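Following: one structure in structure tokens, then a few remarks.
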Amino acid sequence: MSQNRGILPAHEIEALHGAGAIRIAAPFATGQVQPASLDLRLGSRAWRMRASFLPGPERPVSARIEALALHEIDLTQGAVLETGCVYIAELMESLALPAEIAASANPKSSTGRIDVFTRVIADRAHEFDQIEAGYDGKLYAEISPRTFPVLVRSGSRLSQVRFRRGQARLDDQGHLDLHKREKLVTSAEPSISGGVAVSVDLAGFDGSTLIGYRAKRHTGLIDVDKPAAHAMLDFWEPIHRHGRADLVLDPGEFYILASKEAVRVPPDHAAEMTPFDPLVGEFRVHYAGFFDPGFGAAEAGGAGARAVLEVRSHDVPFILEDGQIVGRLVYEKMAETPRTLYGADLKSNYQAQGLKLSKHFRA
């Protein structure tokens with residue numbers, strides 16, 4: 001294992017497991033180790049909770065579950081998680097990290113695109129999705145479906161975790177230099193400030209008037225482990241451009257839109273989408289997301305790919321206009337280039353994507 005700073009690639013994640021730093025309740029599933037991240041699997045138990053929580057520096061998560069749980073749920077046979085409820089599930093993976101390795105988690109792309117809010121909690125944590133260097137303990141997932149009820153089971157993969165050695169996030173000059181060398185987005189002169197700006201496309205895709213999708217309410221279940229098992233029109237209302245290239249976001253509604261720019265992640269870097277500053281508008285790109293090395297890159301057959309955006313308005317209606325900045329891509333160096341890139345020899349659902357719903361839906 002190298003000692004380079006940066007995000008650990010798949011072969012170093014596997015080495016962490018071999019060294020006992022990643023402990024698993026069952027052997028890794030096919031595709032669970034991604035080029036720059038590890039999918040996390042639900043364990044055998046979950047709990048319906050009174051409320052979300054952070055354990056704080058003095059308590060394990062189990063103590064808060066004991067105090068706040070309404071009832072326990074057996075996940076081994078599958079269970080329905082209802083909208084508007086908060087659940088905590090134990091994960092099959094636990095950690096005993098070396099002193100120099102920290103980790104951070106995020107929802108998987110398919111999880112965010114069905115509006116399931118999920119974040120990882122470690123014992124004695126004071127932040128969600130952040131795992132301190134040297135952490136030794138269990139991991140849990142907080143899960144809260146927002147729009148669709150979902151069917152999950154032991155082994156379902158809703159979250160993913162990245163491991164990093166040291167600080168490898170690029171500053172503004174680093175982003176500018178990398179863009180000049182690799183052309184990270186197709187903007188002629190992208191805005192770079194705390195990351196590379198990404199804007200929304202409301203002009204229409206592939207020569208049509210389609211600009212996005214709005215989630216329907218009071219739908220059936222989504223089985224999170226069954227690709228292409230659900231009819232798209234049972235869950236989504238297509239949105240078409242009429243006249244001006246803008247869209248009024250209704251409070252409480254969930255939208256799938258896409259970036260105007262094609263995005264590229266070079267093989268020796270990884271990226272993360274961060275929400276745009278809410279002070280500039282009453283909306284947010286709802287879920288941050290990981291972009292693996294090779295996303296949209298010609299080396300992995302991508303030749304550019306749009307960033308799919310999960311968007312919500314806040315408490316008031318807000319007009320989103322074509323070309324408006326909605327998020328920023330923050331790039332980090334890889335400790336080593338992965339041996340397999342996103343979209344190359346792996347089953348990658350979103351390589352070369354445009355405006356695309358999650359893998360669960362069929363036309």
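A note on labels: chains of the structure tokens are A, B, ... as shown, every chain counts residues from 1, and ligands are counted from 1 in their shown order.
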Spatial neighbours of segment 222-236 of chain A, max dist 9 Å, only C-alpha atoms, sep filter under 5 positions, as a VMD selection string: chain A and resid 80 110 to 111 114 148 to 153 156 to 158 213 to 217 357 to 363
Write the residues you've just listed into a file as a CSV table (one decimal), in the first residue's frame, and include C-alpha atoms for each of them.
chain,number,residue,atom,x,y,z
A,80,VAL,CA,-40.9,-1.4,3.8
A,110,SER,CA,-29.3,5.7,-7.3
A,111,THR,CA,-30.3,6.5,-3.7
A,114,ILE,CA,-35.2,8.3,-5.7
A,148,PHE,CA,-41.4,7.2,-2.4
A,149,PRO,CA,-41.8,4.3,0.1
A,150,VAL,CA,-38.9,1.8,-0.4
A,151,LEU,CA,-38.4,-1.9,0.1
A,152,VAL,CA,-34.9,-2.7,1.5
A,153,ARG,CA,-33.3,-5.8,2.9
A,156,SER,CA,-29.1,-3.4,0.2
A,157,ARG,CA,-26.6,-0.7,-0.7
A,158,LEU,CA,-27.8,2.8,-0.1
A,213,TYR,CA,-38.9,15.1,-14.2
A,214,ARG,CA,-41.1,15.9,-11.2
A,215,ALA,CA,-41.7,13.1,-8.7
A,216,LYS,CA,-45.3,11.9,-8.2
A,217,ARG,CA,-46.8,11.5,-4.7
A,357,LEU,CA,-33.5,8.7,-13.8
A,358,SER,CA,-32.2,6.1,-11.5
A,359,LYS,CA,-31.6,2.5,-12.6
A,360,HIS,CA,-34.8,1.4,-10.9
A,361,PHE,CA,-37.1,2.7,-13.8
A,362,ARG,CA,-38.0,1.5,-17.3
A,363,ALA,CA,-39.7,3.6,-19.9
Contacts of Gly137 of chain A within 10 Å, only C-alpha atoms, excl. fewer than 4 positions in-chain, as a PyMOL selection string: chain A and resi 23+60+93-97+122-124
For the selection you just gave me, I'd like the residues written to a file as a short mmCIF file (atom, residue, chain, number, x, y, z; two decimals), in the first residue's frame, keeping C-alpha atoms.
data_model
loop_
_atom_site.label_atom_id
_atom_site.label_comp_id
_atom_site.auth_asym_id
_atom_site.auth_seq_id
_atom_site.Cartn_x
_atom_site.Cartn_y
_atom_site.Cartn_z
CA ARG A 23 -14.39 -5.59 8.90
CA PRO A 60 -22.14 5.16 21.02
CA GLU A 93 -19.19 -3.01 7.49
CA SER A 94 -17.32 -1.72 10.53
CA LEU A 95 -13.91 -0.07 10.77
CA ALA A 96 -10.62 -0.14 12.62
CA LEU A 97 -8.84 2.54 10.63
CA ALA A 122 -20.29 6.54 13.61
CA ASP A 123 -20.05 6.09 17.36
CA ARG A 124 -19.31 9.34 19.24
#
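The smallest atom-to-atom distance between Glu100 of chain A and any of A:Leu178, A:Ala133, A:Leu54, A:Leu329, using only C-alpha atoms, is found for A:Ala133.
Restricting the calculation to only C-alpha atoms, the smallest distance between Ala103 of chain A and any of A:Leu38, A:Val120, A:Val161, A:Ala188 is found for A:Val161.
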For Ala67 of chain A: contacts at 12 Å, only C-alpha atoms, fewer than 3 positions along chain excluded, given as number ranges by chain: A: 47-51, 53, 55, 59-64, 70-71
How would the residues just chosen look if you wrote them out with all heavy atoms as a compact mmCIF listing (two decimals), in the first residue's frame?
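Below is the file that was written, result_22.txt:
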# COMPACT_ATOMS: atom_id res chain seq x y z
N TRP A 47 -34.18 0.20 13.05
CA TRP A 47 -35.09 0.70 14.08
C TRP A 47 -35.82 1.93 13.55
O TRP A 47 -35.21 2.81 12.94
CB TRP A 47 -34.32 1.09 15.35
CG TRP A 47 -33.66 -0.06 16.04
CD1 TRP A 47 -34.15 -0.80 17.07
CD2 TRP A 47 -32.37 -0.63 15.73
NE1 TRP A 47 -33.26 -1.78 17.44
CE2 TRP A 47 -32.15 -1.70 16.63
CE3 TRP A 47 -31.38 -0.33 14.80
CZ2 TRP A 47 -30.99 -2.47 16.62
CZ3 TRP A 47 -30.22 -1.09 14.78
CH2 TRP A 47 -30.04 -2.14 15.67
N ARG A 48 -37.12 1.97 13.78
CA ARG A 48 -37.88 3.19 13.54
C ARG A 48 -37.62 4.12 14.71
O ARG A 48 -37.77 3.74 15.88
CB ARG A 48 -39.37 2.86 13.43
CG ARG A 48 -40.31 4.05 13.51
CD ARG A 48 -40.46 4.79 12.20
NE ARG A 48 -41.27 5.99 12.42
CZ ARG A 48 -42.60 6.02 12.48
NH1 ARG A 48 -43.29 4.89 12.33
NH2 ARG A 48 -43.25 7.16 12.68
N MET A 49 -37.20 5.37 14.41
CA MET A 49 -36.77 6.30 15.44
C MET A 49 -37.77 7.43 15.64
O MET A 49 -38.52 7.80 14.73
CB MET A 49 -35.41 6.89 15.06
CG MET A 49 -34.32 5.87 14.74
SD MET A 49 -33.93 4.76 16.11
CE MET A 49 -33.28 5.92 17.30
N ARG A 50 -37.75 7.98 16.84
CA ARG A 50 -38.56 9.18 17.09
C ARG A 50 -38.07 10.36 16.29
O ARG A 50 -38.84 11.20 15.83
CB ARG A 50 -38.53 9.53 18.58
CG ARG A 50 -39.32 8.61 19.47
CD ARG A 50 -39.05 8.94 20.94
NE ARG A 50 -39.21 10.36 21.24
CZ ARG A 50 -38.72 10.95 22.33
NH1 ARG A 50 -38.00 10.24 23.19
NH2 ARG A 50 -38.94 12.23 22.53
N ALA A 51 -36.75 10.45 16.12
CA ALA A 51 -36.16 11.62 15.47
C ALA A 51 -34.74 11.28 15.05
O ALA A 51 -34.15 10.31 15.53
CB ALA A 51 -36.16 12.83 16.42
N PHE A 53 -30.69 12.06 15.03
CA PHE A 53 -29.82 12.43 16.15
C PHE A 53 -28.36 12.30 15.74
O PHE A 53 -28.03 11.63 14.75
CB PHE A 53 -30.08 11.52 17.36
CG PHE A 53 -29.70 10.08 17.12
CD1 PHE A 53 -28.40 9.64 17.35
CD2 PHE A 53 -30.62 9.17 16.65
CE1 PHE A 53 -28.04 8.32 17.12
CE2 PHE A 53 -30.27 7.85 16.41
CZ PHE A 53 -28.97 7.42 16.65
N PRO A 55 -24.86 11.12 18.01
CA PRO A 55 -24.59 10.58 19.34
C PRO A 55 -23.79 11.51 20.24
O PRO A 55 -23.92 11.45 21.46
CB PRO A 55 -23.81 9.30 19.03
CG PRO A 55 -23.21 9.53 17.69
CD PRO A 55 -24.20 10.37 16.94
N ARG A 59 -21.04 9.19 23.52
CA ARG A 59 -21.96 8.05 23.46
C ARG A 59 -21.83 7.27 22.17
O ARG A 59 -21.63 7.85 21.09
CB ARG A 59 -23.41 8.55 23.58
CG ARG A 59 -23.77 9.08 24.96
CD ARG A 59 -25.18 9.61 24.98
NE ARG A 59 -25.33 10.77 24.13
CZ ARG A 59 -26.31 11.66 24.23
NH1 ARG A 59 -27.23 11.51 25.17
NH2 ARG A 59 -26.38 12.69 23.43
N PRO A 60 -22.01 5.94 22.24
CA PRO A 60 -22.14 5.16 21.02
C PRO A 60 -23.54 5.31 20.43
O PRO A 60 -24.48 5.71 21.14
CB PRO A 60 -21.89 3.73 21.50
CG PRO A 60 -22.37 3.73 22.92
CD PRO A 60 -22.05 5.10 23.45
N VAL A 61 -23.68 4.99 19.18
CA VAL A 61 -24.98 5.08 18.52
C VAL A 61 -25.99 4.16 19.21
O VAL A 61 -27.17 4.50 19.36
CB VAL A 61 -24.85 4.73 17.03
CG1 VAL A 61 -26.22 4.66 16.36
CG2 VAL A 61 -23.97 5.75 16.31
N SER A 62 -25.54 3.00 19.66
CA SER A 62 -26.46 2.04 20.29
C SER A 62 -27.18 2.62 21.49
O SER A 62 -28.34 2.29 21.76
CB SER A 62 -25.70 0.77 20.69
OG SER A 62 -24.65 1.08 21.60
N ALA A 63 -26.52 3.52 22.22
CA ALA A 63 -27.15 4.14 23.39
C ALA A 63 -28.31 5.04 22.97
O ALA A 63 -29.34 5.11 23.64
CB ALA A 63 -26.12 4.94 24.18
N ARG A 64 -28.15 5.75 21.86
CA ARG A 64 -29.23 6.62 21.38
C ARG A 64 -30.36 5.78 20.78
O ARG A 64 -31.53 6.16 20.90
CB ARG A 64 -28.69 7.60 20.33
CG ARG A 64 -27.55 8.47 20.83
CD ARG A 64 -27.92 9.21 22.12
NE ARG A 64 -28.91 10.24 21.89
CZ ARG A 64 -29.85 10.59 22.78
NH1 ARG A 64 -29.93 9.95 23.94
NH2 ARG A 64 -30.69 11.56 22.51
N LEU A 70 -38.53 3.44 18.42
CA LEU A 70 -39.93 3.10 18.61
C LEU A 70 -40.15 1.60 18.48
O LEU A 70 -40.92 1.02 19.24
CB LEU A 70 -40.79 3.85 17.59
CG LEU A 70 -40.73 5.38 17.67
CD1 LEU A 70 -41.58 6.00 16.57
CD2 LEU A 70 -41.20 5.86 19.04
N HIS A 71 -39.50 0.97 17.50
CA HIS A 71 -39.57 -0.48 17.40
C HIS A 71 -38.44 -0.97 16.50
O HIS A 71 -37.89 -0.23 15.68
CB HIS A 71 -40.92 -0.97 16.89
CG HIS A 71 -41.30 -0.47 15.52
ND1 HIS A 71 -40.94 -1.12 14.38
CD2 HIS A 71 -42.00 0.61 15.13
CE1 HIS A 71 -41.41 -0.47 13.33
NE2 HIS A 71 -42.05 0.59 13.76
DSSP-assigned helix (DSSP H, G or I) members of segment 58-128 of chain A, reported as a ChimeraX atom specification: /A:61-68,109-112
Residue with smallest distance to Gly294 of chain A - pool A:Ser52, A:Pro35, A:Ala89, A:Ser44, counting only C-alpha atoms: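 Nearest candidate to Gly294 of chain A out of A:Ser52, A:Pro35, A:Ala89, A:Ser44: A:Pro35.
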Those in segment 221-262 of chain A with strand (DSSP E) from DSSP, as a PyMOL selection string: chain A and resi 222-223+230-231+236-240+246-249+254-262
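The nearest approach to Ala297 of chain A among the residues A:Asp268, A:Asp115, A:Asp177, A:Glu12, with only C-alpha atoms taken into account, belongs to A:Asp268.
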Within 12 Å of His242 of chain A using only C-alpha atoms, minus same-chain residues under 3 positions, as a list in words: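 Everything that qualifies: Leu202, Ala203, Gly204, Ser208, Thr209, Leu210, Ile211, Ile239, Ala245, Asp246, Leu247 and Val248 of chain A.
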Long-range neighbours of Ser193 of chain A as a list in words, 8 Å cut-off, only C-alpha atoms, 3 positions minimum in chain: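 Here the answer would be Asp172, Val196 and Ala197 of chain A.
Atom to atom, atom CA of Leu170 of chain A and atom CA of Ala271 of chain A stand 10.0 Å apart.
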Atomic distance atom CA of Val308 of chain A - atom CA of Gly155 of chain A, expressed in Å with one decimal: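 Here the two named atoms are 25.6 Å from each other.
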Residue contacts of Leu91 of chain A (7 Å, only C-alpha atoms) excluding same-chain residues fewer than 6 positions away, as a count of residues only: 7
Shortest interatomic distance to Arg339 of chain A - which of A:His11, A:Lys260, A:Arg306, A:Arg5, counting only C-alpha atoms: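 With only C-alpha atoms as the atom set, the closest residue is A:His11.
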